[in-house]
>>> print(open('entry_12.cif').read())   # mmCIF, C-alpha atoms and all ligand atoms
data_final
loop_
_atom_site.label_atom_id
_atom_site.label_comp_id
_atom_site.auth_asym_id
_atom_site.auth_seq_id
_atom_site.Cartn_x
_atom_site.Cartn_y
_atom_site.Cartn_z
CA MET A 1 109.00 104.27 91.78
CA SER A 2 111.11 107.32 92.24
CA ALA A 3 111.83 108.97 95.51
CA GLU A 4 114.84 111.05 96.39
CA LEU A 5 117.87 109.07 97.45
CA PRO A 6 119.32 109.36 100.94
CA THR A 7 122.42 111.50 101.30
CA GLN A 8 125.70 110.27 102.75
CA ASP A 9 125.03 112.39 105.85
CA GLU A 10 121.63 110.81 106.39
CA ILE A 11 123.15 107.36 106.08
CA GLU A 12 125.93 108.16 108.56
CA SER A 13 123.63 109.63 111.15
CA ARG A 14 121.08 106.80 110.94
CA TYR A 15 123.93 104.29 111.12
CA THR A 16 125.18 105.94 114.31
CA LYS A 17 121.71 106.11 115.83
CA LEU A 18 120.89 102.48 115.03
CA GLY A 19 124.24 101.37 116.39
CA ARG A 20 123.71 103.25 119.65
CA GLU A 21 120.15 101.98 120.10
CA ALA A 22 121.22 98.45 119.29
CA GLU A 23 123.95 98.46 121.93
CA GLU A 24 121.60 100.00 124.51
CA GLY A 25 119.14 97.18 123.94
CA GLY A 26 121.74 94.40 123.92
CA TYR A 27 121.77 94.04 120.13
CA HIS A 28 124.66 94.55 117.72
CA LEU A 29 125.01 95.84 114.19
CA ASN A 30 127.03 93.83 111.72
CA PRO A 31 130.68 94.92 112.14
CA ASP A 32 131.16 94.94 108.36
CA ARG A 33 130.64 98.68 108.04
CA GLU A 34 130.37 98.91 104.31
CA PHE A 35 127.80 96.12 104.11
CA THR A 36 125.86 97.53 107.05
CA LYS A 37 125.80 101.10 105.76
CA ASN A 38 124.49 99.81 102.49
CA LEU A 39 121.60 98.21 104.36
CA VAL A 40 121.02 101.43 106.30
CA ARG A 41 120.85 103.17 102.96
CA GLY A 42 118.23 100.62 101.90
CA LEU A 43 116.21 101.31 105.04
CA LEU A 44 116.28 105.05 104.31
CA VAL A 45 115.30 104.45 100.69
CA ASN A 46 112.30 102.43 101.87
CA GLU A 47 111.41 105.01 104.49
CA LYS A 48 111.29 107.71 101.82
CA ARG A 49 109.49 105.47 99.38
CA TYR A 50 106.86 103.90 101.64
CA GLY A 51 106.80 106.12 104.72
CA TYR A 52 108.25 103.46 107.03
CA PRO A 53 111.59 101.63 107.10
CA SER A 54 110.57 98.26 105.75
CA CYS A 55 113.16 95.52 105.49
CA PRO A 56 115.68 96.25 102.70
CA CYS A 57 115.85 92.55 101.78
CA ARG A 58 112.11 92.04 101.36
CA ILE A 59 109.70 93.34 98.77
CA SER A 60 107.01 95.78 99.80
CA PHE A 61 103.81 97.01 98.18
CA GLY A 62 103.92 100.05 100.41
CA ILE A 63 100.92 99.00 102.51
CA ARG A 64 101.83 99.38 106.15
CA GLU A 65 99.24 96.94 107.52
CA GLU A 66 100.65 94.21 105.29
CA ASP A 67 104.22 95.09 106.19
CA ARG A 68 103.91 95.46 109.95
CA ASP A 69 105.95 92.31 110.49
CA ILE A 70 108.82 93.54 108.29
CA ILE A 71 109.25 97.07 109.57
CA CYS A 72 112.81 97.10 110.84
CA PRO A 73 113.52 95.59 113.31
CA CYS A 74 111.23 92.89 111.96
CA ASP A 75 109.31 90.22 113.90
CA TYR A 76 111.85 87.66 112.70
CA ARG A 77 115.05 89.32 113.88
CA ASP A 78 115.27 87.76 117.33
CA PRO A 79 114.51 84.15 116.34
CA ASP A 80 116.98 84.49 113.46
CA LEU A 81 119.65 85.90 115.78
CA ASP A 82 119.10 82.89 118.04
CA GLN A 83 119.22 80.34 115.26
CA TYR A 84 121.61 81.85 112.71
CA ASN A 85 123.53 84.56 114.57
CA ALA A 86 122.18 87.20 112.20
CA CYS A 87 118.92 88.67 111.00
CA TYR A 88 117.75 87.90 107.48
CA CYS A 89 119.56 90.94 106.00
CA ALA A 90 122.51 90.56 108.38
CA LEU A 91 122.06 94.12 109.61
CA TYR A 92 121.98 92.75 113.16
CA VAL A 93 124.29 90.01 114.39
CA SER A 94 124.64 88.07 117.64
CA GLU A 95 127.27 88.73 120.25
CA ASP A 96 129.01 85.51 119.23
CA VAL A 97 129.67 86.98 115.79
CA LEU A 98 131.59 89.82 117.41
CA LYS A 99 133.34 87.75 120.07
CA LYS A 100 134.21 84.66 118.07
CA HIS A 101 134.47 86.39 114.71
CA LEU A 102 131.91 84.07 113.18
CA SER A 103 131.03 84.84 109.62
CA VAL A 104 127.40 85.31 108.70
CA GLY A 105 125.66 84.40 105.49
CA SER A 106 122.41 84.33 103.63
CA ILE A 107 119.79 82.48 105.72
CA PRO A 108 116.38 81.00 104.89
CA GLU A 109 113.34 83.27 104.88
CA ARG A 110 111.40 82.87 108.14
CA ARG A 111 108.53 85.12 107.11
CA PRO A 112 105.56 83.00 106.00
CA THR A 113 104.72 83.04 102.28
CA ARG A 114 102.07 85.42 100.95
CA SER A 115 99.39 82.74 100.92
CA GLU A 116 100.28 81.62 104.45
CA ARG A 117 100.07 85.21 105.65
CA LYS A 118 96.66 85.67 104.07
CA ALA A 119 95.35 82.49 105.69
CA ALA A 120 96.72 83.55 109.09
CA ALA A 121 95.12 86.99 108.83
CA VAL A 122 91.70 85.47 108.22
CA LYS A 123 92.06 83.08 111.15
CA LYS A 124 93.21 85.75 113.54
CA SER A 125 90.41 88.21 113.04
CA GLY A 126 88.10 86.41 115.52
CA PRO A 127 87.56 88.14 118.90
CA LEU A 128 89.58 87.06 121.89
CA ASN A 129 87.68 85.42 124.72
CA ASP A 130 87.19 87.98 127.39
CA THR A 131 88.69 86.66 130.57
CA GLU A 132 88.41 88.23 133.99
CA LEU A 133 91.27 90.63 133.42
CA LEU A 134 91.29 94.15 134.69
CA TYR A 135 93.34 95.13 131.65
CA PRO A 136 94.24 93.42 128.41
CA VAL A 137 97.85 92.31 128.08
CA TRP A 138 99.76 93.50 125.01
CA ARG A 139 102.82 91.87 123.57
CA CYS A 140 105.49 93.55 121.44
CA ARG A 141 106.00 91.27 118.46
CA VAL A 142 109.60 92.38 118.07
CA CYS A 143 111.04 91.85 121.54
CA GLY A 144 108.26 90.16 123.52
CA TYR A 145 107.78 93.02 126.03
CA LEU A 146 104.44 92.64 127.85
CA CYS A 147 102.29 95.29 129.45
CA ALA A 148 98.81 95.36 130.93
CA ARG A 149 96.93 98.54 130.05
CA GLU A 150 94.00 99.73 127.97
CA SER A 151 96.08 100.00 124.81
CA PRO A 152 99.71 99.41 123.85
CA PRO A 153 102.27 102.21 124.36
CA LEU A 154 103.03 104.50 121.40
CA VAL A 155 106.55 103.13 121.33
CA CYS A 156 107.89 99.96 122.92
CA PRO A 157 110.06 101.10 125.85
CA VAL A 158 112.46 98.23 125.24
CA CYS A 159 113.00 98.00 121.49
CA LYS A 160 111.31 101.20 120.21
CA ALA A 161 108.89 99.35 117.93
CA THR A 162 105.76 101.40 117.21
CA LYS A 163 102.31 100.83 118.69
CA ASP A 164 100.98 98.92 115.68
CA ARG A 165 103.62 96.21 116.25
CA PHE A 166 101.83 95.07 119.42
CA GLU A 167 99.36 92.20 119.53
CA ARG A 168 96.86 91.34 122.20
CA PHE A 169 98.40 88.55 124.24
CA ILE A 170 95.75 87.86 126.89
CA MET B 1 108.53 85.32 80.84
CA ASN B 2 110.55 88.31 79.71
CA GLN B 3 107.92 91.02 79.23
CA MET B 4 109.32 92.53 82.38
CA LYS B 5 112.11 94.98 81.74
CA MET B 6 115.33 93.07 82.36
CA GLU B 7 118.83 94.45 82.15
CA HIS B 8 121.14 92.36 80.05
CA VAL B 9 124.75 91.89 81.10
CA PRO B 10 126.72 90.30 78.26
CA GLY B 11 129.36 87.67 79.03
CA LYS B 12 130.22 84.00 78.75
CA VAL B 13 127.04 82.12 77.91
CA LYS B 14 126.36 79.40 80.48
CA GLY B 15 122.64 79.10 79.82
CA THR B 16 119.80 81.52 80.41
CA ILE B 17 120.48 83.14 83.73
CA THR B 18 118.05 85.50 85.39
CA LEU B 19 118.57 87.25 88.69
CA PHE B 20 115.57 88.63 90.55
CA ALA B 21 116.90 91.13 93.04
CA LEU B 22 116.09 94.17 95.18
CA SER B 23 118.12 97.35 94.81
CA THR B 24 118.23 97.78 98.60
CA CYS B 25 119.30 94.30 99.67
CA GLY B 26 122.83 93.38 100.70
CA TRP B 27 122.78 89.72 99.62
CA CYS B 28 121.34 90.75 96.25
CA ALA B 29 124.25 93.14 95.76
CA LYS B 30 126.72 90.38 96.60
CA THR B 31 125.04 87.99 94.18
CA LYS B 32 125.11 90.59 91.42
CA ALA B 33 128.79 91.29 92.09
CA LEU B 34 129.56 87.58 91.94
CA LEU B 35 127.87 87.21 88.55
CA HIS B 36 130.00 90.12 87.38
CA GLU B 37 133.14 88.54 88.72
CA LEU B 38 132.31 85.25 87.00
CA GLY B 39 131.66 87.17 83.79
CA VAL B 40 128.60 85.15 82.83
CA ASP B 41 125.95 86.38 80.45
CA HIS B 42 122.81 87.17 82.44
CA TYR B 43 119.70 89.21 82.89
CA TYR B 44 118.68 90.93 86.09
CA VAL B 45 115.81 93.00 87.40
CA PHE B 46 115.48 95.10 90.53
CA VAL B 47 111.90 94.23 91.39
CA ASP B 48 111.52 97.09 93.88
CA LEU B 49 112.22 99.61 91.10
CA LEU B 50 109.50 98.30 88.78
CA PRO B 51 106.43 100.48 88.25
CA PRO B 52 103.73 99.49 90.81
CA GLU B 53 101.47 97.96 88.16
CA GLU B 54 104.20 95.47 87.22
CA LEU B 55 105.04 94.48 90.76
CA GLU B 56 102.39 91.80 91.28
CA GLU B 57 103.31 90.02 88.08
CA ALA B 58 107.00 90.12 88.89
CA ILE B 59 106.47 88.65 92.33
CA ARG B 60 104.29 85.88 90.91
CA GLU B 61 107.10 85.08 88.51
CA VAL B 62 109.53 84.77 91.41
CA GLU B 63 107.04 82.71 93.44
CA LYS B 64 106.86 80.22 90.58
CA PHE B 65 110.50 79.34 91.23
CA ASN B 66 110.60 80.14 94.92
CA PRO B 67 107.35 79.96 96.92
CA HIS B 68 108.68 82.49 99.42
CA GLY B 69 109.05 85.11 96.72
CA SER B 70 112.29 86.10 98.41
CA PHE B 71 115.39 87.79 97.01
CA PRO B 72 117.85 87.19 95.53
CA THR B 73 116.41 84.39 93.40
CA LEU B 74 118.69 83.16 90.66
CA VAL B 75 116.94 81.19 87.93
CA ILE B 76 119.05 79.07 85.61
CA ASN B 77 117.60 77.75 82.34
CA ASN B 78 113.99 78.55 83.13
CA GLY B 79 114.08 76.83 86.47
CA THR B 80 116.20 73.75 85.79
CA ARG B 81 118.12 75.09 88.73
CA VAL B 82 117.08 77.79 91.18
CA ILE B 83 119.44 79.26 93.75
CA ILE B 84 117.78 81.19 96.55
CA GLY B 85 119.83 83.60 98.62
CA PHE B 86 123.51 84.46 98.27
CA LYS B 87 125.00 80.95 98.11
CA GLU B 88 128.46 81.73 96.93
CA GLN B 89 129.74 78.16 96.61
CA GLU B 90 126.62 76.95 94.88
CA ILE B 91 126.67 79.79 92.37
CA ARG B 92 130.37 79.32 91.63
CA GLU B 93 129.84 75.64 91.16
CA ALA B 94 126.83 76.12 88.86
CA LEU B 95 128.28 78.93 86.76
CA GLY B 96 132.02 79.04 87.35
S1 LIG A 201 116.00 93.25 111.49
FE1 LIG A 201 114.61 92.35 110.00
S2 LIG A 201 113.87 94.13 108.90
FE2 LIG A 201 115.70 94.80 109.92
S3 LIG A 201 117.32 94.49 108.46
FE3 LIG A 201 117.22 92.65 109.72
S4 LIG A 201 115.92 91.25 108.57
FE4 LIG A 201 115.58 93.29 107.72
#
>>> encode(input="entry_12.cif", output="C-alpha cells")
Amino acid sequence: MSAELPTQDEIESRYTKLGREAEEGGYHLNPDREFTKNLVRGLLVNEKRYGYPSCPCRISFGIREEDRDIICPCDYRDPDLDQYNACYCALYVSEDVLKKHLSVGSIPERRPTRSERKAAAVKKSGPLNDTELLYPVWRCRVCGYLCARESPPLVCPVCKATKDRFERFI
Amino acid sequence: MNQMKMEHVPGKVKGTITLFALSTCGWCAKTKALLHELGVDHYYVFVDLLPPEELEEAIREVEKFNPHGSFPTLVINNGTRVIIGFKEQEIREALG
C-alpha cells in the first residue's frame, strides 16, 4: 500500500486548519503538539491512501461506505469526549483537559465490532414509515445537527461533516 | 500464525510477544516505543501497510485475541495474555 507521504508543510497547515475549526466549533485539539501532529500526519496519510481522512487509529479497507462512521471527526468523538475527555485517538480533548490539565490515555473502542456493524446494516435497510411531514428531517451523525429539507446539506454547517454522514432522523 | 510478515526486534526474551499496530496511530507508536524502552524481544506488524490481499487475514488474527480488532493489540505467548490499547502500567508489569 504505497502512497506518497505528507510533507511537513502539509502537516503544519492541516494542523492549523483543524485547530482553528475545532476552536470555532467549541472543540479542542490535544495540547500535546508532537502527539497531535503525528495524528494529523496519519490523517493525511489516510486521505492520500483512501481518498478520505479515516481515523488514524482504526483500520480501513478503503471503502468509504463502510468507513463513514470513522471519517474524522468520527461518529464516536462526542460521546468519547463526554465520557473520557478525549476521542479514541486523543486528537480531540475536552475543555477540562486544557483547564484542569487532566492527562488523557488509551480508551476502549466504542465503534461496534465488524459483525455487529454488519448486523446493524442489514436491520437498518428497511424503509422509514412515512409520516405526515412536509420534509424529512436529517441528522448529522457527528454533531447531532438537525435540518428539515429534501436532502441533507453538502456539508454540515456546524461541524463540517460531509453529506454522507447524515442519517434520516424522522 | 506467523505467515504474515512480522518485523523482529531482538532483545531480552520474556516470551513470544507480538504487537499488532497501525503506522498512523498515536497509541500504537507509544506502545512500540515502550517495548523498545523495555528492551524486550518482540515481533510487530503495521497492519495498515500490509498488501490488501493480506489485510483480511491479519484482521481476523487480531479479532481472535480482541473481538474489536482494534489497535494496538499486544499478544503475549499466543494469547495467554492480551493487552489492548496503550496500557503503560500493565505492559510494564507484564514485561518489565
Ligand atoms: S475524532 Fe475520531 S476519527 Fe478523528 S482522530 Fe479522534 S477518534 Fe479518530
>>> residues_near_ligand(input="entry_12.cif", ligand="ligand LIG 201 (chain A)", cutoff="9 Å", atoms="all atoms listed in the file", output="MDAnalysis selection string")
(chainID A and resid 39:40 43 53:58 69:78 80 86:93) or (chainID B and resid 25)
>>> residues_around(input="entry_12.cif", residues="segment 74-79 of chain B", least_positions_apart="6", cutoff="7 Å", atoms="all atoms listed in the file", output="mmCIF file with C-alpha atoms, in the coordinates of the input")
data_model
loop_
_atom_site.group_PDB
_atom_site.id
_atom_site.type_symbol
_atom_site.label_atom_id
_atom_site.label_comp_id
_atom_site.auth_asym_id
_atom_site.auth_seq_id
_atom_site.Cartn_x
_atom_site.Cartn_y
_atom_site.Cartn_z
ATOM 1 C CA GLY B 15 122.640 79.100 79.820
ATOM 2 C CA THR B 16 119.800 81.520 80.410
ATOM 3 C CA ILE B 17 120.480 83.140 83.730
ATOM 4 C CA THR B 18 118.050 85.500 85.390
ATOM 5 C CA LEU B 19 118.570 87.250 88.690
ATOM 6 C CA PHE B 20 115.570 88.630 90.550
ATOM 7 C CA PHE B 65 110.500 79.340 91.230
#
>>> interface_residues(input="entry_12.cif", of="chain A", to="chain B", cutoff="8 Å", atoms="only C-alpha atoms", output="ChimeraX atom specification")
/A:1-2,35,38-39,41-43,45,56-61,89,105-109,112-114
>>> closest_residue(input="entry_12.cif", among="A:Pro79, A:Pro136, A:Gly25, A:Gly51", to="Lys160 of chain A", atoms="only C-alpha atoms")
A:Gly25
>>> atom_distance(input="entry_12.cif", atom1="atom CA of Trp138 of chain A", atom2="atom CA of Glu167 of chain A")
5.6 Å
>>> closest_residue(input="entry_12.cif", among="A:Val142, A:Cys147, A:Tyr50, A:Tyr135", to="Cys159 of chain A", atoms="all atoms listed in the file")
A:Val142
>>> closest_residue(input="entry_12.cif", among="B:His8, B:Arg60, B:Arg92, B:Arg81", to="Asp41 of chain B", atoms="only C-alpha atoms")
B:His8
>>> closest_residue(input="entry_12.cif", among="B:Val82, B:Lys64, B:Tyr43, B:Thr73", to="Glu7 of chain B", atoms="all atoms listed in the file")
B:Tyr43
>>> atom_distance(input="entry_12.cif", atom1="atom CA of Gly19 of chain A", atom2="atom CA of Leu44 of chain A")
14.9 Å
>>> closest_residue(input="entry_12.cif", among="A:Tyr27, A:Lys100, A:Pro6, A:Cys143", to="Val158 of chain A", atoms="only C-alpha atoms")
A:Cys143
>>> atom_distance(input="entry_12.cif", atom1="atom CA of Leu5 of chain A", atom2="atom CA of Ile63 of chain A")
20.4 Å
>>> closest_residue(input="entry_12.cif", among="A:Leu146, A:Leu98, A:Cys140, A:Leu18", to="Phe166 of chain A", atoms="all atoms listed in the file")
A:Cys140
